[in-house]
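K.L.:
As input, take run-v3.cif (mmCIF, C-alpha atoms):
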data_model
loop_
_atom_site.group_PDB
_atom_site.id
_atom_site.type_symbol
_atom_site.label_atom_id
_atom_site.label_comp_id
_atom_site.auth_asym_id
_atom_site.auth_seq_id
_atom_site.Cartn_x
_atom_site.Cartn_y
_atom_site.Cartn_z
ATOM 1 C CA MET A 2 37.073 55.763 117.582
ATOM 2 C CA ASP A 3 38.752 58.608 119.458
ATOM 3 C CA SER A 4 42.462 57.807 119.640
ATOM 4 C CA ALA A 5 42.766 59.965 122.751
ATOM 5 C CA ALA A 6 40.595 57.483 124.610
ATOM 6 C CA THR A 7 42.942 54.599 123.823
ATOM 7 C CA PRO A 8 44.972 53.784 126.920
ATOM 8 C CA SER A 9 48.740 53.937 126.470
ATOM 9 C CA PRO A 10 50.583 50.677 127.050
ATOM 10 C CA CYS A 11 52.049 50.258 130.505
ATOM 11 C CA PRO A 12 55.843 50.735 130.659
ATOM 12 C CA SER A 13 57.893 47.566 130.267
ATOM 13 C CA VAL A 14 61.094 47.383 132.293
ATOM 14 C CA SER A 15 63.683 44.799 133.275
ATOM 15 C CA VAL A 16 65.079 45.448 136.757
ATOM 16 C CA VAL A 17 68.523 43.924 137.240
ATOM 17 C CA VAL A 18 69.709 43.358 140.814
ATOM 18 C CA PRO A 19 73.210 41.924 141.332
ATOM 19 C CA THR A 20 73.458 40.046 144.620
ATOM 20 C CA TYR A 21 75.974 38.323 146.830
ATOM 21 C CA ARG A 22 74.833 37.070 150.220
ATOM 22 C CA GLU A 23 71.741 39.254 150.341
ATOM 23 C CA ALA A 24 69.193 36.559 151.261
ATOM 24 C CA GLN A 25 67.984 38.540 154.289
ATOM 25 C CA ASN A 26 67.053 41.525 152.119
ATOM 26 C CA ILE A 27 65.442 39.680 149.203
ATOM 27 C CA PRO A 28 61.882 39.304 150.647
ATOM 28 C CA SER A 29 61.563 43.024 151.509
ATOM 29 C CA LEU A 30 63.038 44.045 148.164
ATOM 30 C CA ILE A 31 60.609 41.892 146.181
ATOM 31 C CA GLU A 32 57.635 43.033 148.289
ATOM 32 C CA ARG A 33 58.410 46.721 147.702
ATOM 33 C CA ILE A 34 59.031 46.250 143.970
ATOM 34 C CA ASP A 35 55.806 44.247 143.694
ATOM 35 C CA ARG A 36 53.854 47.072 145.318
ATOM 36 C CA VAL A 37 55.296 49.575 142.821
ATOM 37 C CA ARG A 38 54.644 47.177 139.931
ATOM 38 C CA ARG A 39 50.959 46.809 140.823
ATOM 39 C CA GLU A 40 50.242 50.411 141.791
ATOM 40 C CA HIS A 41 51.733 51.779 138.556
ATOM 41 C CA ASP A 42 50.626 48.959 136.268
ATOM 42 C CA LEU A 43 54.176 48.172 135.182
ATOM 43 C CA ASP A 44 55.104 45.285 132.926
ATOM 44 C CA LEU A 45 58.111 44.509 135.096
ATOM 45 C CA GLU A 46 60.487 41.599 135.364
ATOM 46 C CA LEU A 47 63.050 41.298 138.125
ATOM 47 C CA LEU A 48 66.338 39.538 137.411
ATOM 48 C CA ILE A 49 68.259 38.599 140.546
ATOM 49 C CA MET A 50 71.808 37.983 139.367
ATOM 50 C CA ASP A 51 73.333 36.044 142.255
ATOM 51 C CA ASP A 52 77.042 35.252 142.457
ATOM 52 C CA ASP A 53 76.517 31.755 143.876
ATOM 53 C CA SER A 54 75.938 33.091 147.393
ATOM 54 C CA ARG A 55 74.855 29.752 148.900
ATOM 55 C CA ASP A 56 73.233 31.720 151.709
ATOM 56 C CA GLY A 57 69.624 30.791 151.029
ATOM 57 C CA THR A 58 69.041 33.313 148.240
ATOM 58 C CA ALA A 59 67.913 30.639 145.759
ATOM 59 C CA GLU A 60 65.580 29.009 148.284
ATOM 60 C CA THR A 61 64.127 32.376 149.312
ATOM 61 C CA VAL A 62 63.322 33.388 145.727
ATOM 62 C CA GLN A 63 61.798 29.965 144.993
ATOM 63 C CA SER A 64 59.645 30.055 148.126
ATOM 64 C CA LEU A 65 58.166 33.441 147.180
ATOM 65 C CA GLY A 66 56.893 32.001 143.897
ATOM 66 C CA ARG A 67 56.653 35.233 141.896
ATOM 67 C CA PRO A 68 56.476 34.461 138.152
ATOM 68 C CA TRP A 69 57.891 37.880 137.251
ATOM 69 C CA VAL A 70 61.041 37.214 139.300
ATOM 70 C CA ARG A 71 63.931 35.287 137.760
ATOM 71 C CA LEU A 72 66.952 34.042 139.666
ATOM 72 C CA VAL A 73 70.197 33.566 137.748
ATOM 73 C CA THR A 74 72.989 31.857 139.677
ATOM 74 C CA ARG A 75 76.345 32.934 138.288
ATOM 75 C CA ILE A 76 79.307 30.593 138.706
ATOM 76 C CA GLN A 77 81.936 32.199 136.475
ATOM 77 C CA ASN A 78 83.242 35.754 136.047
ATOM 78 C CA ARG A 79 81.619 36.808 139.278
ATOM 79 C CA GLY A 80 81.417 40.441 140.331
ATOM 80 C CA LEU A 81 78.899 43.255 140.373
ATOM 81 C CA SER A 82 79.631 44.785 136.987
ATOM 82 C CA PRO A 83 79.730 41.488 135.053
ATOM 83 C CA ALA A 84 76.494 40.489 136.807
ATOM 84 C CA VAL A 85 74.784 43.652 135.548
ATOM 85 C CA LEU A 86 75.983 43.090 131.979
ATOM 86 C CA ASP A 87 74.837 39.463 132.078
ATOM 87 C CA GLY A 88 71.465 40.702 133.317
ATOM 88 C CA PHE A 89 71.195 43.105 130.380
ATOM 89 C CA ALA A 90 71.886 40.228 127.997
ATOM 90 C CA LEU A 91 69.053 38.184 129.516
ATOM 91 C CA ALA A 92 66.564 41.050 129.912
ATOM 92 C CA ARG A 93 63.346 40.821 127.899
ATOM 93 C CA HIS A 94 62.458 44.520 127.836
ATOM 94 C CA ASP A 95 63.990 47.595 126.232
ATOM 95 C CA LEU A 96 64.048 49.720 129.393
ATOM 96 C CA LEU A 97 66.766 48.529 131.760
ATOM 97 C CA LEU A 98 67.082 49.533 135.409
ATOM 98 C CA VAL A 99 69.775 48.557 137.917
ATOM 99 C CA MET A 100 69.557 48.750 141.697
ATOM 100 C CA ASP A 101 71.179 47.217 144.779
ATOM 101 C CA ALA A 102 69.609 44.487 146.864
ATOM 102 C CA ASP A 103 70.490 45.990 150.246
ATOM 103 C CA LEU A 104 67.432 48.317 150.318
ATOM 104 C CA SER A 105 69.593 51.446 150.106
ATOM 105 C CA HIS A 106 67.858 52.310 146.806
ATOM 106 C CA PRO A 107 64.128 53.104 147.054
ATOM 107 C CA PRO A 108 62.084 51.026 144.561
ATOM 108 C CA GLU A 109 59.357 53.668 144.890
ATOM 109 C CA LYS A 110 61.478 55.887 142.596
ATOM 110 C CA ILE A 111 61.318 53.423 139.693
ATOM 111 C CA PRO A 112 58.254 55.040 138.001
ATOM 112 C CA GLU A 113 59.840 58.496 138.142
ATOM 113 C CA MET A 114 63.022 57.151 136.566
ATOM 114 C CA LEU A 115 61.053 55.451 133.801
ATOM 115 C CA ASP A 116 59.153 58.681 133.142
ATOM 116 C CA ALA A 117 62.484 60.458 132.623
ATOM 117 C CA LEU A 118 63.539 57.863 130.066
ATOM 118 C CA THR A 119 60.295 58.100 128.130
ATOM 119 C CA ALA A 120 60.624 61.903 128.191
ATOM 120 C CA GLY A 121 63.780 61.623 126.095
ATOM 121 C CA HIS A 122 66.714 61.221 128.471
ATOM 122 C CA ASP A 123 69.131 58.457 127.549
ATOM 123 C CA PHE A 124 70.435 57.840 131.084
ATOM 124 C CA VAL A 125 68.735 58.371 134.458
ATOM 125 C CA VAL A 126 70.511 58.263 137.819
ATOM 126 C CA GLY A 127 69.039 57.983 141.292
ATOM 127 C CA SER A 128 71.124 60.706 142.935
ATOM 128 C CA ARG A 129 72.017 61.466 146.535
ATOM 129 C CA TYR A 130 73.611 64.807 145.770
ATOM 130 C CA VAL A 131 71.066 66.820 143.777
ATOM 131 C CA PRO A 132 68.542 69.065 145.588
ATOM 132 C CA GLY A 133 66.053 66.796 147.329
ATOM 133 C CA GLY A 134 68.527 63.928 147.587
ATOM 134 C CA SER A 135 69.939 62.745 150.904
ATOM 135 C CA THR A 136 71.774 59.986 152.758
ATOM 136 C CA ASP A 137 70.867 58.224 155.968
ATOM 137 C CA HIS A 138 71.693 60.158 159.152
ATOM 138 C CA ASP A 139 73.965 57.348 160.354
ATOM 139 C CA TRP A 140 75.924 57.201 157.107
ATOM 140 C CA GLY A 141 79.340 57.647 158.701
ATOM 141 C CA PRO A 142 81.898 60.362 157.854
ATOM 142 C CA PHE A 143 84.286 57.755 156.446
ATOM 143 C CA ARG A 144 81.815 56.598 153.796
ATOM 144 C CA TRP A 145 80.843 60.198 153.048
ATOM 145 C CA ILE A 146 84.496 61.171 152.447
ATOM 146 C CA ASN A 147 85.090 58.138 150.246
ATOM 147 C CA SER A 148 81.993 58.857 148.177
ATOM 148 C CA ARG A 149 82.814 62.533 147.725
ATOM 149 C CA ALA A 150 86.448 61.823 146.834
ATOM 150 C CA ALA A 151 85.434 59.177 144.290
ATOM 151 C CA THR A 152 82.921 61.595 142.776
ATOM 152 C CA LEU A 153 85.562 64.311 142.512
ATOM 153 C CA LEU A 154 87.932 61.938 140.723
ATOM 154 C CA ALA A 155 85.274 61.216 138.111
ATOM 155 C CA ARG A 156 84.558 64.886 137.404
ATOM 156 C CA PRO A 157 86.724 64.998 134.218
ATOM 157 C CA LEU A 158 84.616 62.150 132.849
ATOM 158 C CA THR A 159 81.111 63.421 133.621
ATOM 159 C CA SER A 160 79.547 66.517 135.127
ATOM 160 C CA ILE A 161 76.686 64.769 136.931
ATOM 161 C CA LYS A 162 76.681 65.058 140.704
ATOM 162 C CA ASP A 163 76.421 61.356 141.618
ATOM 163 C CA PRO A 164 78.263 59.216 139.049
ATOM 164 C CA MET A 165 78.948 56.671 141.800
ATOM 165 C CA SER A 166 75.283 55.737 142.042
ATOM 166 C CA GLY A 167 74.369 52.107 141.547
ATOM 167 C CA PHE A 168 70.718 53.044 140.930
ATOM 168 C CA PHE A 169 70.255 53.936 137.260
ATOM 169 C CA ALA A 170 68.195 53.289 134.153
ATOM 170 C CA LEU A 171 68.779 53.420 130.414
ATOM 171 C CA ARG A 172 67.396 52.156 127.125
ATOM 172 C CA ARG A 173 68.712 48.986 125.547
ATOM 173 C CA GLU A 174 69.782 50.984 122.464
ATOM 174 C CA THR A 175 71.944 53.205 124.685
ATOM 175 C CA TYR A 176 73.628 50.171 126.206
ATOM 176 C CA GLN A 177 74.168 48.571 122.815
ATOM 177 C CA LYS A 178 75.920 51.608 121.338
ATOM 178 C CA ALA A 179 78.527 51.610 124.100
ATOM 179 C CA ALA A 180 82.107 50.891 123.142
ATOM 180 C CA THR A 181 83.625 47.637 124.382
ATOM 181 C CA LEU A 182 82.781 47.367 128.064
ATOM 182 C CA ASN A 183 85.439 46.130 130.477
ATOM 183 C CA PRO A 184 84.554 47.541 133.892
ATOM 184 C CA VAL A 185 86.794 46.884 136.875
ATOM 185 C CA GLY A 186 85.101 46.817 140.275
ATOM 186 C CA TYR A 187 81.567 47.936 140.880
ATOM 187 C CA LYS A 188 80.989 51.304 139.152
ATOM 188 C CA ILE A 189 79.241 50.060 136.024
ATOM 189 C CA ALA A 190 77.114 53.232 135.710
ATOM 190 C CA LEU A 191 80.221 55.368 135.157
ATOM 191 C CA GLU A 192 81.455 52.915 132.528
ATOM 192 C CA LEU A 193 78.173 53.164 130.619
ATOM 193 C CA LEU A 194 77.964 56.947 130.948
ATOM 194 C CA VAL A 195 81.393 57.365 129.380
ATOM 195 C CA LYS A 196 81.450 54.616 126.784
ATOM 196 C CA ALA A 197 77.889 55.132 125.555
ATOM 197 C CA ASP A 198 78.643 58.871 125.352
ATOM 198 C CA CYS A 199 75.458 59.747 127.216
ATOM 199 C CA ARG A 200 74.554 63.418 126.763
ATOM 200 C CA ARG A 201 70.947 63.648 128.012
ATOM 201 C CA VAL A 202 71.389 62.556 131.621
ATOM 202 C CA CYS A 203 68.762 63.134 134.307
ATOM 203 C CA GLU A 204 69.390 62.865 138.049
ATOM 204 C CA ILE A 205 66.381 61.960 140.178
ATOM 205 C CA PRO A 206 66.755 62.828 143.888
ATOM 206 C CA ILE A 207 66.635 59.818 146.191
ATOM 207 C CA HIS A 208 67.146 59.119 149.861
ATOM 208 C CA PHE A 209 70.041 56.689 150.090
ATOM 209 C CA GLY A 210 69.264 54.431 153.020
ATOM 210 C CA GLN A 211 71.743 52.670 155.256
ATOM 211 C CA ARG A 212 72.027 48.896 154.941
ATOM 212 C CA ARG A 213 69.965 47.228 157.688
ATOM 213 C CA LEU A 214 70.855 43.574 157.118
ATOM 214 C CA GLY A 215 73.928 41.808 155.744
ATOM 215 C CA ASP A 216 77.447 43.132 155.310
ATOM 216 C CA SER A 217 78.750 45.998 153.201
ATOM 217 C CA LYS A 218 80.915 45.010 150.220
ATOM 218 C CA LEU A 219 82.961 48.259 150.313
ATOM 219 C CA SER A 220 86.638 47.534 150.947
ATOM 220 C CA LEU A 221 90.104 48.901 150.256
ATOM 221 C CA ARG A 222 90.355 46.389 147.408
ATOM 222 C CA GLU A 223 87.235 47.870 145.810
ATOM 223 C CA GLN A 224 88.659 51.380 146.183
ATOM 224 C CA LEU A 225 91.844 50.370 144.368
ATOM 225 C CA SER A 226 89.800 48.636 141.669
ATOM 226 C CA TYR A 227 87.950 51.901 141.193
ATOM 227 C CA ILE A 228 91.241 53.699 140.530
ATOM 228 C CA ARG A 229 92.145 51.087 137.907
ATOM 229 C CA HIS A 230 88.720 51.604 136.379
ATOM 230 C CA LEU A 231 89.211 55.371 136.267
ATOM 231 C CA ARG A 232 92.562 54.944 134.543
ATOM 232 C CA ARG A 233 90.928 52.913 131.756
ATOM 233 C CA LEU A 234 88.148 55.437 131.316
ATOM 234 C CA PHE A 235 90.518 58.425 131.234
ATOM 235 C CA ILE A 236 92.577 56.752 128.501
ATOM 236 C CA HIS A 237 89.410 55.833 126.597
ATOM 237 C CA LYS A 238 88.120 59.395 126.665
ATOM 238 C CA TYR A 239 91.302 61.470 126.453
ATOM 239 C CA GLY A 240 93.963 59.175 125.003
ATOM 240 C CA HIS A 241 97.545 60.336 125.658
ATOM 241 C CA TRP A 242 96.222 63.555 127.193
ATOM 242 C CA ALA A 243 95.092 61.470 130.153
ATOM 243 C CA ARG A 244 98.578 61.432 131.734
ATOM 244 C CA GLY A 245 97.955 64.396 133.995
ATOM 245 C CA ALA A 246 94.525 63.158 135.040
ATOM 246 C CA ILE A 247 95.940 59.713 135.824
ATOM 247 C CA LEU A 248 98.700 61.286 137.921
ATOM 248 C CA GLY A 249 96.113 63.137 139.982
ATOM 249 C CA ALA A 250 93.937 60.047 140.301
ATOM 250 C CA SER A 251 96.922 57.989 141.462
ATOM 251 C CA ALA A 252 97.751 60.556 144.121
ATOM 252 C CA THR A 253 94.163 60.540 145.324
ATOM 253 C CA ALA A 254 94.219 56.731 145.373
ATOM 254 C CA LEU A 255 97.210 56.874 147.712
ATOM 255 C CA SER A 256 95.331 59.391 149.833
ATOM 256 C CA LEU A 257 92.223 57.208 150.070
ATOM 257 C CA ALA A 258 94.315 54.141 150.892
ATOM 258 C CA ALA A 259 96.145 56.036 153.641
ATOM 259 C CA LEU A 260 92.868 57.378 155.031
ATOM 260 C CA SER A 261 91.342 53.879 155.079
ATOM 261 C CA LEU A 262 94.323 52.260 156.799
ATOM 262 C CA LEU A 263 94.824 54.995 159.397
ATOM 263 C CA TYR A 264 91.123 55.225 160.250
ATOM 264 C CA ALA A 265 90.905 51.425 160.528
ATOM 265 C CA ALA A 266 93.925 51.507 162.858
ATOM 266 C CA GLY A 267 92.060 53.742 165.283
ATOM 267 C CA ILE A 268 93.504 57.123 164.306
ATOM 268 C CA SER A 269 90.953 59.930 164.634
ATOM 269 C CA LEU A 270 89.258 60.948 161.395
ATOM 270 C CA GLU A 271 90.752 64.462 161.538
ATOM 271 C CA ARG A 272 94.336 63.200 161.945
ATOM 272 C CA ALA A 273 93.864 60.450 159.367
ATOM 273 C CA ALA A 274 92.528 62.987 156.870
ATOM 274 C CA ALA A 275 95.470 65.340 157.480
ATOM 275 C CA ALA A 276 97.957 62.520 156.944
ATOM 276 C CA ALA A 277 96.097 61.407 153.805
ATOM 277 C CA ILE A 278 96.316 64.925 152.359
ATOM 278 C CA LEU A 279 100.083 64.897 152.975
ATOM 279 C CA VAL A 280 100.322 61.548 151.182
ATOM 280 C CA ALA A 281 98.383 62.977 148.218
ATOM 281 C CA ILE A 282 100.651 66.017 147.976
ATOM 282 C CA THR A 283 103.728 63.800 148.170
ATOM 283 C CA GLY A 284 102.264 61.499 145.538
ATOM 284 C CA ILE A 285 101.838 64.419 143.148
ATOM 285 C CA LEU A 286 105.140 66.180 143.806
ATOM 286 C CA ALA A 287 107.467 63.172 143.990
ATOM 287 C CA PRO A 288 107.016 62.010 140.357
ATOM 288 C CA LEU A 289 107.320 65.607 139.136
ATOM 289 C CA LEU A 290 110.511 66.132 141.164
ATOM 290 C CA VAL A 291 112.073 62.899 139.904
ATOM 291 C CA ASP A 292 111.194 63.833 136.336
ATOM 292 C CA TYR A 293 112.747 67.299 136.805
ATOM 293 C CA VAL A 294 115.983 65.863 138.255
ATOM 294 C CA LEU A 295 116.315 63.331 135.448
ATOM 295 C CA ARG A 296 115.827 66.054 132.851
ATOM 296 C CA LYS A 297 118.523 68.190 134.477
ATOM 297 C CA GLN A 298 120.958 65.289 134.508
ATOM 298 C CA LYS A 299 120.622 64.537 130.802
ATOM 299 C CA PRO A 300 124.013 65.117 129.167
ATOM 300 C CA THR A 301 124.139 67.874 126.611
ATOM 301 C CA ASN A 302 125.391 67.066 123.155
ATOM 302 C CA PRO A 303 129.095 67.915 122.921
ATOM 303 C CA GLU A 304 130.018 70.613 120.482
ATOM 304 C CA PRO A 305 131.882 69.366 117.432
#
Show how you would write the structure in this file as structure tokens.

P.N.:
Amino acid sequence: MDSAATPSPCPSVSVVVPTYREAQNIPSLIERIDRVRREHDLDLELLIMDDDSRDGTAETVQSLGRPWVRLVTRIQNRGLSPAVLDGFALARHDLLLVMDADLSHPPEKIPEMLDALTAGHDFVVGSRYVPGGSTDHDWGPFRWINSRAATLLARPLTSIKDPMSGFFALRRETYQKAATLNPVGYKIALELLVKADCRRVCEIPIHFGQRRLGDSKLSLREQLSYIRHLRRLFIHKYGHWARGAILGASATALSLAALSLLYAAGISLERAAAAAILVAITGILAPLLVDYVLRKQKPTNPEP
């Protein structure tokens, strides 16, 4: 029998979707993933990792009656990153893919991301910032600034253009070789990129859509959690050499916090940004100035 005529097995993938109060988006998400699953003959399971939303998510999933969809209601250790890791632990397949439930990530890109994995890449990111990628036209300037600033802060950790993406795929073996995972906040992709020491990373251009239903989970608290997360990753990767990077990250954290508060208070974006830059400069110079003064004030050893 000609081996070339033997059809290759269809790709098997576990799609992990962390959710919290996303019941309105679940039907459209499942419908679009189902269409991709059938059109590309994918052996696909969908794990909806819900943080006890109590918003009708459980009832919605049950009413749809899709045997390839599993709902896991999480009561303890809630949060996006722990939900993803719990999903990996429950996944049945060796290809793992993570995406949001708010329809900002296009399920139609799943086959292309799987192709990149099977071609030899160990991590694949759905990217807004590579050629061909884009964001919704009504994605406001505030979110754009936050995203770009967060990406810039992560540059010492990875050279990819969109490390903030929540749409990514990897092999189970890549996940399992990662050092101890302890993500803070919601940027689990960056944690895996750094701690699994991913070298062959592919960015697939996507259109990042604006949320249509439900509420955004982005908040000042999440921004500060991201800074804590960065601090851990800098120390993991660079050890004691991370001091300078942490100083810069802390200054940028102050800048982002100032920008968020001033913009929320009704200050124009231009004035809020100018004030935030001043805060960042002050945050960098003040510790250096204090350190310099303290060094100058150290008593010299008296001559015998």

K.L.:
Can you turn the PyMOL selection byres ((chain A and resi 174) around 10) into a concrete residue list for this file, as a list of chain:residue names?

P.N.:
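Applied to this file, the PyMOL selection byres ((chain A and resi 174) around 10) returns A:Asp95, A:Leu96, A:Asp123, A:Leu171, A:Arg172, A:Arg173, A:Thr175, A:Tyr176, A:Gln177, A:Lys178, A:Ala179, A:Ala197.
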
K.L.:
Name the closest residue to Arg200 of chain A among the candidates A:Lys188, A:Thr74, A:Phe124, A:Arg233; distances are taken between atoms, counting all atoms listed in the file.

P.N.:
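Closest to Arg200 of chain A of all the choices is A:Phe124.
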
K.L.:
Run the PyMOL selection byres ((chain A and resi 86-92) around 7) mentally over the shown coordinates, then write out the matched residues as a list in words, using the chain letters and numbers from the document.

P.N.:
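This file gives the following for the PyMOL selection byres ((chain A and resi 86-92) around 7): Ser15, Val17, Leu48, Met50, Ser82, Pro83, Ala84, Val85, Arg93 and His94 of chain A.
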
K.L.:
Any idea what the distance is between atom CA of Thr58 of chain A and atom CA of Glu23 of chain A?

P.N.:
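Distance reported for this atom pair: 6.9 Å.
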
K.L.:
Given all atoms listed in the file as the basis, pick out the residue of A:Asp52, A:Asp137, A:Asp198, A:Asp116 nearest to Val18 of chain A.

P.N.:
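For Val18 of chain A, the nearest of the given residues is A:Asp52.
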
K.L.:
Let me make sure I understand: among A:Trp145, A:Tyr227, A:Phe209, A:Tyr239, which one has the smallest atom-to-atom distance to Gly133 of chain A if we use all atoms listed in the file?

P.N.:
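Closest candidate: A:Phe209.
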
K.L.:
At a cut-off of 12 Å around the point (56.2, 46.9, 142.7) (file coordinates), what residues fall inside when counting only C-alpha atoms? I'd like the answer as a ChimeraX atom specification.

P.N.:
/A:14,16,29-47,67,69-70,107-112

K.L.:
Rank A:Leu118, A:Ile49, A:Ile27, A:Ala190 by their smallest atom-to-atom distance to Leu158 of chain A, using all atoms listed in the file, and report the top residue only.

P.N.:
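Checking each of A:Leu118, A:Ile49, A:Ile27, A:Ala190 against Leu158 of chain A, counting all atoms listed in the file, the winner is A:Ala190.
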
K.L.:
Any idea what the distance is between atom CA of Ser226 of chain A and atom CA of Leu182 of chain A?

P.N.:
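That distance, rounded to one decimal, is 15.4 Å.
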
K.L.:
Write out as a list in words each polymer residue whose atoms come within 8 Å of Val195 of chain A, counting only C-alpha atoms; drop sequence neighbours fewer than 5 positions from it.

P.N.:
Leu158, Thr159, Leu234 and Lys238 of chain A

K.L.:
Suppose you want the space between atom CA of Gly167 of chain A and atom CA of Ile189 of chain A; what is it in Å?

P.N.:
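Those two atoms sit 7.6 Å apart.
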
K.L.:
Counting only C-alpha atoms, which residue out of A:Arg144, A:Pro184, A:Ala24, A:Leu104 sits closest to Gly80 of chain A?

P.N.:
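Looking at the shortest contact to Gly80 of chain A, the residue is A:Pro184.
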
K.L.:
Which of these residues is nearest to Asp103 of chain A, using all atoms listed in the file: A:Pro12, A:Gly121, A:Gly240, A:Pro28?

P.N.:
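Using all atoms listed in the file, Asp103 of chain A sits closest to A:Pro28.
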
K.L.:
Once the PyMOL selection byres ((chain A and resi 202) around 8) has been applied to the shown file, what residues remain in the selection, as an mmCIF file with C-alpha atoms, in the coordinates of the input?

P.N.:
data_model
loop_
_atom_site.group_PDB
_atom_site.id
_atom_site.type_symbol
_atom_site.label_atom_id
_atom_site.label_comp_id
_atom_site.auth_asym_id
_atom_site.auth_seq_id
_atom_site.Cartn_x
_atom_site.Cartn_y
_atom_site.Cartn_z
ATOM 1 C CA HIS A 122 66.714 61.221 128.471
ATOM 2 C CA ASP A 123 69.131 58.457 127.549
ATOM 3 C CA PHE A 124 70.435 57.840 131.084
ATOM 4 C CA VAL A 125 68.735 58.371 134.458
ATOM 5 C CA VAL A 126 70.511 58.263 137.819
ATOM 6 C CA ILE A 161 76.686 64.769 136.931
ATOM 7 C CA CYS A 199 75.458 59.747 127.216
ATOM 8 C CA ARG A 200 74.554 63.418 126.763
ATOM 9 C CA ARG A 201 70.947 63.648 128.012
ATOM 10 C CA CYS A 203 68.762 63.134 134.307
ATOM 11 C CA GLU A 204 69.390 62.865 138.049
#
